[in-house]
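Student: Sharing a structure here in structure tokens format.
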Amino acid sequence: MAKNTIQFIGLFVVLVLVQVIFSKIMLFNVATPIIFIYLLFRLPISMSLNAVFTIAFFSGLAIDMFNNTQGMNALACLLVSAIRTKVFYAFVTRDDETSNIIPSCKSVGTGTYMKYAGTLMLIYCFLIFFIQAFTFHNVLLTIARVICSFVLSLILIYGIDSLVDTRREKRS
């Protein structure tokens with residue numbers, strides 16, 4: 001348990017620092033890579049909702065402090081963390097083996113994990129870009145930002161998931 005906690009803290013610090021750098025990048029004026037949300041995808045499904053909300057709030061708040069976005073990321077992280085378990089069980093059958101699982105490509109399969117992460121990433125991108133725009137004046141540009149950031153972020157999250165050590169999570 002302590003080893004997992006240390007790994008999650010290390011992953012949190014690394015993802016937030018990389019996200020601060022990535023927040024300054026905007027490809028073709030529409031795509032921003034969002035990778036810090038991977039921490040929320042990676043939390044164990046059996047973790048209590050209070051702990052998940054706390055982690056989501058502080059990870060979003062950390063990004064908000066560095067980007068001066070006044071709580072937008074914290075709000076989007078909280079909303080995504082509220083539906084995280086339901087989205088997971090929409091793609092994975094509920095049984096005793098999945099109750100204490102850490103979602104990853106190796107633990108649930110690449111296709112299932114990409115559906116899970118993709119759904120949550122699309123919801124996060126939709127929330128964050130429409131909260132930032134706070135208008136429907138230039139809705140096509142906002143939709144383009146949502147789609148392009150979603151695709152870029154999902155590719156990066158798949159790469160990060162393949163790099164993270166998952167020896168003990170292999171399917172049985």
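Chains: A, B, ... in order of the structure tokens. Residues: from 1 per chain. Ligands: from 1, in order shown.
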Mind checking which residues fall within 9 Å of segment 24-37 of chain A, counting only C-alpha atoms, ignoring those fewer than 6 positions away in the same chain, and posting them as a ChimeraX atom specification?
Tutor: /A:12,14-18,56,59-60,63,67,77,121,124-125,141-142,144-154,156-157,160
Student: Take the selection from the previous step and output its residues with N, CA, C and O atoms, as a tab-separated table (two decimals), in the first residue's frame.
Tutor:
chain	number	residue	atom	x	y	z
A	12	PHE	N	1.99	11.95	-9.78
A	12	PHE	CA	1.31	13.24	-9.67
A	12	PHE	C	2.28	14.39	-9.93
A	12	PHE	O	2.00	15.28	-10.74
A	14	VAL	N	5.25	14.39	-11.41
A	14	VAL	CA	5.78	14.38	-12.78
A	14	VAL	C	4.72	14.87	-13.77
A	14	VAL	O	5.01	15.71	-14.64
A	15	LEU	N	3.50	14.37	-13.65
A	15	LEU	CA	2.45	14.77	-14.59
A	15	LEU	C	2.10	16.25	-14.48
A	15	LEU	O	1.88	16.91	-15.50
A	16	VAL	N	2.07	16.78	-13.27
A	16	VAL	CA	1.77	18.21	-13.10
A	16	VAL	C	2.89	19.06	-13.68
A	16	VAL	O	2.63	20.05	-14.39
A	17	LEU	N	4.13	18.69	-13.44
A	17	LEU	CA	5.25	19.47	-13.99
A	17	LEU	C	5.28	19.43	-15.51
A	17	LEU	O	5.49	20.46	-16.17
A	18	VAL	N	5.03	18.26	-16.07
A	18	VAL	CA	5.00	18.15	-17.54
A	18	VAL	C	3.80	18.91	-18.11
A	18	VAL	O	3.89	19.56	-19.15
A	56	ALA	N	-8.56	14.49	-7.27
A	56	ALA	CA	-8.99	15.22	-8.46
A	56	ALA	C	-8.97	16.72	-8.22
A	56	ALA	O	-8.49	17.49	-9.06
A	59	SER	N	-5.26	17.95	-7.94
A	59	SER	CA	-4.54	17.92	-9.23
A	59	SER	C	-5.06	19.03	-10.14
A	59	SER	O	-4.27	19.71	-10.80
A	60	GLY	N	-6.36	19.24	-10.19
A	60	GLY	CA	-6.90	20.33	-10.98
A	60	GLY	C	-6.48	21.69	-10.44
A	60	GLY	O	-6.17	22.61	-11.19
A	63	ILE	N	-2.88	22.57	-11.42
A	63	ILE	CA	-2.81	23.08	-12.80
A	63	ILE	C	-3.39	24.49	-12.87
A	63	ILE	O	-2.85	25.36	-13.56
A	67	ASN	N	-1.50	27.85	-14.28
A	67	ASN	CA	-2.03	28.42	-15.51
A	67	ASN	C	-2.93	29.62	-15.30
A	67	ASN	O	-3.42	30.19	-16.27
A	77	CYS	N	-12.01	18.36	-13.38
A	77	CYS	CA	-11.48	17.13	-12.76
A	77	CYS	C	-12.49	16.51	-11.81
A	77	CYS	O	-12.64	15.29	-11.77
A	121	MET	N	-11.66	11.40	-21.33
A	121	MET	CA	-10.88	12.49	-21.92
A	121	MET	C	-11.77	13.40	-22.76
A	121	MET	O	-11.64	14.62	-22.71
A	124	TYR	N	-13.74	15.51	-20.38
A	124	TYR	CA	-12.88	16.52	-19.78
A	124	TYR	C	-12.60	17.65	-20.77
A	124	TYR	O	-12.71	18.83	-20.43
A	125	CYS	N	-12.23	17.30	-22.00
A	125	CYS	CA	-11.93	18.33	-23.01
A	125	CYS	C	-13.15	19.18	-23.30
A	125	CYS	O	-13.05	20.41	-23.41
A	141	LEU	N	-14.72	26.86	-33.46
A	141	LEU	CA	-13.35	26.84	-32.96
A	141	LEU	C	-13.26	26.06	-31.66
A	141	LEU	O	-12.31	25.29	-31.45
A	142	THR	N	-14.23	26.22	-30.79
A	142	THR	CA	-14.24	25.48	-29.53
A	142	THR	C	-14.38	23.99	-29.77
A	142	THR	O	-13.69	23.18	-29.14
A	144	ALA	N	-13.46	22.42	-32.49
A	144	ALA	CA	-12.19	21.99	-33.07
A	144	ALA	C	-11.14	21.80	-31.98
A	144	ALA	O	-10.35	20.84	-32.02
A	145	ARG	N	-11.11	22.68	-30.99
A	145	ARG	CA	-10.17	22.54	-29.87
A	145	ARG	C	-10.45	21.29	-29.06
A	145	ARG	O	-9.54	20.59	-28.64
A	146	VAL	N	-11.73	21.02	-28.84
A	146	VAL	CA	-12.11	19.82	-28.09
A	146	VAL	C	-11.63	18.57	-28.83
A	146	VAL	O	-10.97	17.70	-28.24
A	147	ILE	N	-11.93	18.46	-30.09
A	147	ILE	CA	-11.60	17.26	-30.86
A	147	ILE	C	-10.09	17.09	-31.02
A	147	ILE	O	-9.55	16.00	-30.79
A	148	CYS	N	-9.40	18.16	-31.40
A	148	CYS	CA	-7.95	18.05	-31.61
A	148	CYS	C	-7.19	17.79	-30.31
A	148	CYS	O	-6.27	16.97	-30.27
A	149	SER	N	-7.58	18.44	-29.24
A	149	SER	CA	-6.94	18.20	-27.94
A	149	SER	C	-7.25	16.80	-27.44
A	149	SER	O	-6.39	16.14	-26.84
A	150	PHE	N	-8.46	16.34	-27.68
A	150	PHE	CA	-8.85	14.97	-27.30
A	150	PHE	C	-7.96	13.95	-28.00
A	150	PHE	O	-7.41	13.05	-27.35
A	151	VAL	N	-7.80	14.07	-29.30
A	151	VAL	CA	-7.00	13.10	-30.07
A	151	VAL	C	-5.54	13.15	-29.63
A	151	VAL	O	-4.93	12.09	-29.36
A	152	LEU	N	-4.98	14.33	-29.55
A	152	LEU	CA	-3.57	14.47	-29.15
A	152	LEU	C	-3.35	13.94	-27.73
A	152	LEU	O	-2.40	13.19	-27.48
A	153	SER	N	-4.24	14.27	-26.81
A	153	SER	CA	-4.09	13.83	-25.42
A	153	SER	C	-4.25	12.33	-25.28
A	153	SER	O	-3.53	11.69	-24.51
A	154	LEU	N	-5.19	11.75	-26.02
A	154	LEU	CA	-5.40	10.30	-25.94
A	154	LEU	C	-4.18	9.54	-26.47
A	154	LEU	O	-3.79	8.52	-25.89
A	156	LEU	N	-1.07	10.65	-26.35
A	156	LEU	CA	-0.04	10.80	-25.32
A	156	LEU	C	-0.33	9.94	-24.10
A	156	LEU	O	0.60	9.36	-23.52
A	157	ILE	N	-1.58	9.83	-23.70
A	157	ILE	CA	-1.93	8.99	-22.55
A	157	ILE	C	-1.67	7.53	-22.84
A	157	ILE	O	-1.20	6.79	-21.98
A	160	ILE	N	2.03	7.15	-22.40
A	160	ILE	CA	2.40	7.18	-20.99
A	160	ILE	C	2.02	5.87	-20.32
A	160	ILE	O	2.78	5.32	-19.53
Student: Taking the DSSP secondary structure from the backbone, can you list the residues of segment 5-122 of chain A that are alpha helix (DSSP H), as an mmCIF file with N, CA and C atoms, in the first residue's frame?
Tutor:
data_model
loop_
_atom_site.group_PDB
_atom_site.id
_atom_site.type_symbol
_atom_site.label_atom_id
_atom_site.label_comp_id
_atom_site.auth_asym_id
_atom_site.auth_seq_id
_atom_site.Cartn_x
_atom_site.Cartn_y
_atom_site.Cartn_z
ATOM 1 N N THR A 5 1.200 4.306 -2.868
ATOM 2 C CA THR A 5 1.025 5.714 -2.517
ATOM 3 C C THR A 5 2.209 6.535 -2.998
ATOM 4 N N ILE A 6 3.408 6.041 -2.786
ATOM 5 C CA ILE A 6 4.614 6.745 -3.233
ATOM 6 C C ILE A 6 4.646 6.835 -4.753
ATOM 7 N N GLN A 7 4.237 5.757 -5.433
ATOM 8 C CA GLN A 7 4.205 5.776 -6.892
ATOM 9 C C GLN A 7 3.196 6.798 -7.406
ATOM 10 N N PHE A 8 2.026 6.880 -6.771
ATOM 11 C CA PHE A 8 1.016 7.844 -7.202
ATOM 12 C C PHE A 8 1.457 9.280 -6.926
ATOM 13 N N ILE A 9 2.142 9.513 -5.818
ATOM 14 C CA ILE A 9 2.652 10.854 -5.533
ATOM 15 C C ILE A 9 3.712 11.243 -6.560
ATOM 16 N N GLY A 10 4.608 10.315 -6.863
ATOM 17 C CA GLY A 10 5.619 10.575 -7.883
ATOM 18 C C GLY A 10 4.999 10.831 -9.245
ATOM 19 N N LEU A 11 4.006 10.035 -9.602
ATOM 20 C CA LEU A 11 3.313 10.215 -10.873
ATOM 21 C C LEU A 11 2.592 11.564 -10.901
ATOM 22 N N PHE A 12 1.986 11.954 -9.779
ATOM 23 C CA PHE A 12 1.308 13.239 -9.669
ATOM 24 C C PHE A 12 2.278 14.389 -9.927
ATOM 25 N N VAL A 13 3.427 14.363 -9.255
ATOM 26 C CA VAL A 13 4.412 15.441 -9.398
ATOM 27 C C VAL A 13 4.920 15.525 -10.834
ATOM 28 N N VAL A 14 5.254 14.391 -11.413
ATOM 29 C CA VAL A 14 5.779 14.376 -12.784
ATOM 30 C C VAL A 14 4.724 14.873 -13.772
ATOM 31 N N LEU A 15 3.498 14.371 -13.653
ATOM 32 C CA LEU A 15 2.449 14.773 -14.593
ATOM 33 C C LEU A 15 2.105 16.251 -14.479
ATOM 34 N N VAL A 16 2.069 16.785 -13.266
ATOM 35 C CA VAL A 16 1.768 18.210 -13.099
ATOM 36 C C VAL A 16 2.886 19.064 -13.684
ATOM 37 N N LEU A 17 4.134 18.691 -13.438
ATOM 38 C CA LEU A 17 5.249 19.471 -13.987
ATOM 39 C C LEU A 17 5.277 19.431 -15.513
ATOM 40 N N VAL A 18 5.028 18.258 -16.075
ATOM 41 C CA VAL A 18 5.001 18.153 -17.537
ATOM 42 C C VAL A 18 3.797 18.911 -18.105
ATOM 43 N N GLN A 19 2.671 18.852 -17.399
ATOM 44 C CA GLN A 19 1.481 19.568 -17.866
ATOM 45 C C GLN A 19 1.690 21.071 -17.866
ATOM 46 N N VAL A 20 2.430 21.580 -16.895
ATOM 47 C CA VAL A 20 2.722 23.017 -16.852
ATOM 48 C C VAL A 20 3.486 23.424 -18.110
ATOM 49 N N ILE A 21 4.414 22.587 -18.530
ATOM 50 C CA ILE A 21 5.164 22.861 -19.766
ATOM 51 C C ILE A 21 4.256 22.710 -20.977
ATOM 52 N N PHE A 22 3.453 21.629 -21.008
ATOM 53 C CA PHE A 22 2.568 21.372 -22.140
ATOM 54 C C PHE A 22 1.460 22.412 -22.266
ATOM 55 N N TYR A 38 -4.333 11.786 -16.651
ATOM 56 C CA TYR A 38 -3.991 10.360 -16.616
ATOM 57 C C TYR A 38 -3.968 9.838 -15.174
ATOM 58 N N LEU A 39 -3.596 10.684 -14.245
ATOM 59 C CA LEU A 39 -3.575 10.268 -12.839
ATOM 60 C C LEU A 39 -4.955 9.826 -12.378
ATOM 61 N N LEU A 40 -5.995 10.536 -12.783
ATOM 62 C CA LEU A 40 -7.360 10.155 -12.405
ATOM 63 C C LEU A 40 -7.782 8.853 -13.072
ATOM 64 N N PHE A 41 -7.341 8.647 -14.310
ATOM 65 C CA PHE A 41 -7.669 7.404 -15.007
ATOM 66 C C PHE A 41 -7.014 6.219 -14.321
ATOM 67 N N ARG A 42 -5.878 6.450 -13.724
ATOM 68 C CA ARG A 42 -5.032 5.401 -13.170
ATOM 69 C C ARG A 42 -5.396 5.015 -11.726
ATOM 70 N N LEU A 49 -14.688 7.286 -2.910
ATOM 71 C CA LEU A 49 -15.049 8.463 -3.682
ATOM 72 C C LEU A 49 -14.479 9.731 -3.069
ATOM 73 N N ASN A 50 -14.405 9.790 -1.740
ATOM 74 C CA ASN A 50 -13.818 10.964 -1.075
ATOM 75 C C ASN A 50 -12.345 11.120 -1.442
ATOM 76 N N ALA A 51 -11.604 10.024 -1.459
ATOM 77 C CA ALA A 51 -10.187 10.085 -1.817
ATOM 78 C C ALA A 51 -10.016 10.481 -3.281
ATOM 79 N N VAL A 52 -10.852 9.945 -4.146
ATOM 80 C CA VAL A 52 -10.780 10.286 -5.569
ATOM 81 C C VAL A 52 -11.095 11.767 -5.776
ATOM 82 N N PHE A 53 -12.127 12.280 -5.094
ATOM 83 C CA PHE A 53 -12.471 13.697 -5.207
ATOM 84 C C PHE A 53 -11.342 14.585 -4.696
ATOM 85 N N THR A 54 -10.714 14.179 -3.604
ATOM 86 C CA THR A 54 -9.616 14.964 -3.048
ATOM 87 C C THR A 54 -8.445 15.029 -4.023
ATOM 88 N N ILE A 55 -8.076 13.880 -4.572
ATOM 89 C CA ILE A 55 -6.972 13.838 -5.539
ATOM 90 C C ILE A 55 -7.329 14.639 -6.786
ATOM 91 N N ALA A 56 -8.557 14.489 -7.274
ATOM 92 C CA ALA A 56 -8.992 15.221 -8.462
ATOM 93 C C ALA A 56 -8.966 16.723 -8.223
ATOM 94 N N PHE A 57 -9.469 17.139 -7.077
ATOM 95 C CA PHE A 57 -9.499 18.569 -6.779
ATOM 96 C C PHE A 57 -8.096 19.146 -6.704
ATOM 97 N N PHE A 58 -7.198 18.485 -5.985
ATOM 98 C CA PHE A 58 -5.857 19.039 -5.835
ATOM 99 C C PHE A 58 -5.035 18.962 -7.121
ATOM 100 N N SER A 59 -5.260 17.948 -7.945
ATOM 101 C CA SER A 59 -4.543 17.918 -9.226
ATOM 102 C C SER A 59 -5.057 19.030 -10.139
ATOM 103 N N GLY A 60 -6.365 19.237 -10.186
ATOM 104 C CA GLY A 60 -6.904 20.334 -10.978
ATOM 105 C C GLY A 60 -6.485 21.687 -10.437
ATOM 106 N N LEU A 61 -6.467 21.812 -9.114
ATOM 107 C CA LEU A 61 -6.062 23.068 -8.490
ATOM 108 C C LEU A 61 -4.589 23.380 -8.760
ATOM 109 N N ALA A 62 -3.753 22.354 -8.771
ATOM 110 C CA ALA A 62 -2.328 22.568 -9.069
ATOM 111 C C ALA A 62 -2.158 23.122 -10.484
ATOM 112 N N ILE A 63 -2.884 22.573 -11.424
ATOM 113 C CA ILE A 63 -2.809 23.078 -12.801
ATOM 114 C C ILE A 63 -3.386 24.488 -12.873
ATOM 115 N N ASP A 64 -4.477 24.729 -12.146
ATOM 116 C CA ASP A 64 -5.074 26.068 -12.131
ATOM 117 C C ASP A 64 -4.114 27.113 -11.569
ATOM 118 N N MET A 65 -3.369 26.758 -10.545
ATOM 119 C CA MET A 65 -2.427 27.713 -9.949
ATOM 120 C C MET A 65 -1.325 28.083 -10.938
ATOM 121 N N PHE A 66 -0.821 27.112 -11.675
ATOM 122 C CA PHE A 66 0.255 27.395 -12.624
ATOM 123 C C PHE A 66 -0.250 28.102 -13.881
ATOM 124 N N ASN A 67 -1.504 27.850 -14.276
ATOM 125 C CA ASN A 67 -2.031 28.419 -15.514
ATOM 126 C C ASN A 67 -2.928 29.622 -15.300
ATOM 127 N N MET A 72 -11.020 26.299 -13.127
ATOM 128 C CA MET A 72 -11.656 25.596 -14.246
ATOM 129 C C MET A 72 -11.226 24.141 -14.315
ATOM 130 N N ASN A 73 -9.937 23.894 -14.162
ATOM 131 C CA ASN A 73 -9.443 22.516 -14.202
ATOM 132 C C ASN A 73 -9.912 21.722 -12.991
ATOM 133 N N ALA A 74 -9.978 22.364 -11.838
ATOM 134 C CA ALA A 74 -10.462 21.673 -10.639
ATOM 135 C C ALA A 74 -11.913 21.242 -10.821
ATOM 136 N N LEU A 75 -12.730 22.110 -11.387
ATOM 137 C CA LEU A 75 -14.129 21.773 -11.639
ATOM 138 C C LEU A 75 -14.251 20.617 -12.630
ATOM 139 N N ALA A 76 -13.527 20.699 -13.730
ATOM 140 C CA ALA A 76 -13.595 19.638 -14.742
ATOM 141 C C ALA A 76 -13.074 18.316 -14.177
ATOM 142 N N CYS A 77 -12.010 18.360 -13.382
ATOM 143 C CA CYS A 77 -11.478 17.135 -12.764
ATOM 144 C C CYS A 77 -12.486 16.514 -11.807
ATOM 145 N N LEU A 78 -13.153 17.330 -11.026
ATOM 146 C CA LEU A 78 -14.163 16.809 -10.095
ATOM 147 C C LEU A 78 -15.328 16.165 -10.840
ATOM 148 N N LEU A 79 -15.764 16.782 -11.914
ATOM 149 C CA LEU A 79 -16.871 16.207 -12.681
ATOM 150 C C LEU A 79 -16.462 14.888 -13.348
ATOM 151 N N VAL A 80 -15.252 14.829 -13.866
ATOM 152 C CA VAL A 80 -14.770 13.586 -14.479
ATOM 153 C C VAL A 80 -14.595 12.504 -13.425
ATOM 154 N N SER A 81 -14.081 12.857 -12.262
ATOM 155 C CA SER A 81 -13.879 11.848 -11.219
ATOM 156 C C SER A 81 -15.209 11.334 -10.662
ATOM 157 N N ALA A 82 -16.260 12.142 -10.759
ATOM 158 C CA ALA A 82 -17.574 11.707 -10.281
ATOM 159 C C ALA A 82 -18.155 10.593 -11.147
ATOM 160 N N ILE A 83 -17.814 10.572 -12.431
ATOM 161 C CA ILE A 83 -18.385 9.562 -13.329
ATOM 162 C C ILE A 83 -17.388 8.474 -13.711
ATOM 163 N N ARG A 84 -16.178 8.549 -13.189
ATOM 164 C CA ARG A 84 -15.105 7.640 -13.558
ATOM 165 C C ARG A 84 -15.472 6.167 -13.374
ATOM 166 N N THR A 85 -15.992 5.794 -12.237
ATOM 167 C CA THR A 85 -16.324 4.396 -11.955
ATOM 168 C C THR A 85 -17.460 3.904 -12.846
ATOM 169 N N LYS A 86 -18.457 4.745 -13.057
ATOM 170 C CA LYS A 86 -19.579 4.352 -13.905
ATOM 171 C C LYS A 86 -19.137 4.142 -15.350
ATOM 172 N N VAL A 87 -18.249 4.993 -15.838
ATOM 173 C CA VAL A 87 -17.728 4.838 -17.194
ATOM 174 C C VAL A 87 -16.904 3.552 -17.280
ATOM 175 N N PHE A 88 -16.108 3.269 -16.259
ATOM 176 C CA PHE A 88 -15.301 2.047 -16.264
ATOM 177 C C PHE A 88 -16.196 0.814 -16.361
ATOM 178 N N TYR A 89 -17.231 0.767 -15.537
ATOM 179 C CA TYR A 89 -18.113 -0.405 -15.546
ATOM 180 C C TYR A 89 -19.045 -0.432 -16.755
ATOM 181 N N ALA A 90 -19.115 0.639 -17.508
ATOM 182 C CA ALA A 90 -19.858 0.603 -18.773
ATOM 183 C C ALA A 90 -19.113 -0.220 -19.817
ATOM 184 N N PHE A 91 -17.788 -0.298 -19.676
ATOM 185 C CA PHE A 91 -16.972 -1.028 -20.650
ATOM 186 C C PHE A 91 -16.425 -2.346 -20.119
ATOM 187 N N CYS A 105 -3.849 -0.474 -19.864
ATOM 188 C CA CYS A 105 -3.977 -1.303 -21.072
ATOM 189 C C CYS A 105 -3.720 -2.770 -20.759
ATOM 190 N N LYS A 106 -2.808 -3.046 -19.851
ATOM 191 C CA LYS A 106 -2.469 -4.429 -19.531
ATOM 192 C C LYS A 106 -3.491 -5.090 -18.621
ATOM 193 N N SER A 107 -4.157 -4.313 -17.772
ATOM 194 C CA SER A 107 -5.088 -4.927 -16.822
ATOM 195 C C SER A 107 -6.463 -5.187 -17.422
ATOM 196 N N VAL A 108 -6.929 -4.335 -18.321
ATOM 197 C CA VAL A 108 -8.265 -4.529 -18.896
ATOM 198 C C VAL A 108 -8.248 -4.710 -20.405
ATOM 199 N N THR A 110 -6.242 -3.289 -24.216
ATOM 200 C CA THR A 110 -6.023 -1.999 -24.865
ATOM 201 C C THR A 110 -7.326 -1.375 -25.360
ATOM 202 N N GLY A 111 -8.161 -2.163 -26.015
ATOM 203 C CA GLY A 111 -9.410 -1.624 -26.545
ATOM 204 C C GLY A 111 -10.327 -1.094 -25.463
ATOM 205 N N THR A 112 -10.491 -1.876 -24.409
ATOM 206 C CA THR A 112 -11.358 -1.467 -23.306
ATOM 207 C C THR A 112 -10.797 -0.237 -22.606
ATOM 208 N N TYR A 113 -9.489 -0.221 -22.386
ATOM 209 C CA TYR A 113 -8.879 0.926 -21.712
ATOM 210 C C TYR A 113 -8.998 2.185 -22.561
ATOM 211 N N MET A 114 -8.815 2.066 -23.858
ATOM 212 C CA MET A 114 -8.905 3.236 -24.726
ATOM 213 C C MET A 114 -10.342 3.772 -24.775
ATOM 214 N N LYS A 115 -11.333 2.902 -24.710
ATOM 215 C CA LYS A 115 -12.726 3.364 -24.645
ATOM 216 C C LYS A 115 -12.980 4.107 -23.333
ATOM 217 N N TYR A 116 -12.485 3.528 -22.232
ATOM 218 C CA TYR A 116 -12.630 4.133 -20.901
ATOM 219 C C TYR A 116 -11.923 5.489 -20.852
ATOM 220 N N ALA A 117 -10.655 5.504 -21.217
ATOM 221 C CA ALA A 117 -9.880 6.746 -21.170
ATOM 222 C C ALA A 117 -10.395 7.752 -22.197
ATOM 223 N N GLY A 118 -10.780 7.280 -23.363
ATOM 224 C CA GLY A 118 -11.282 8.163 -24.400
ATOM 225 C C GLY A 118 -12.575 8.853 -23.998
ATOM 226 N N THR A 119 -13.470 8.113 -23.375
ATOM 227 C CA THR A 119 -14.730 8.701 -22.923
ATOM 228 C C THR A 119 -14.475 9.782 -21.881
ATOM 229 N N LEU A 120 -13.647 9.454 -20.896
ATOM 230 C CA LEU A 120 -13.351 10.443 -19.852
ATOM 231 C C LEU A 120 -12.587 11.639 -20.409
ATOM 232 N N MET A 121 -11.657 11.396 -21.328
ATOM 233 C CA MET A 121 -10.880 12.491 -21.916
ATOM 234 C C MET A 121 -11.772 13.398 -22.756
ATOM 235 N N LEU A 122 -12.706 12.817 -23.505
ATOM 236 C CA LEU A 122 -13.614 13.624 -24.315
ATOM 237 C C LEU A 122 -14.497 14.493 -23.421
#
Student: May I ask for the distance between atom CA of Ser162 of chain A and atom CA of Thr93 of chain A, given in Å to one decimal place?
Tutor: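 About the pair atom CA of Ser162 of chain A and atom CA of Thr93 of chain A: they are 23.2 Å apart.
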Student: I'd like to know which of A:Gly159, A:Thr69, A:Asp95, A:Ile101 is closest to Ala133 of chain A, using only C-alpha atoms.
Tutor: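 Answer, going by the shortest atom-to-atom distance: A:Thr69.
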Student: What is the atom CA of Met47 of chain A-atom CA of Phe126 of chain A distance in Å, reported with one decimal?
Tutor: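 Taking atom CA of Met47 of chain A as the start and atom CA of Phe126 of chain A as the end point, the length is 25.5 Å.
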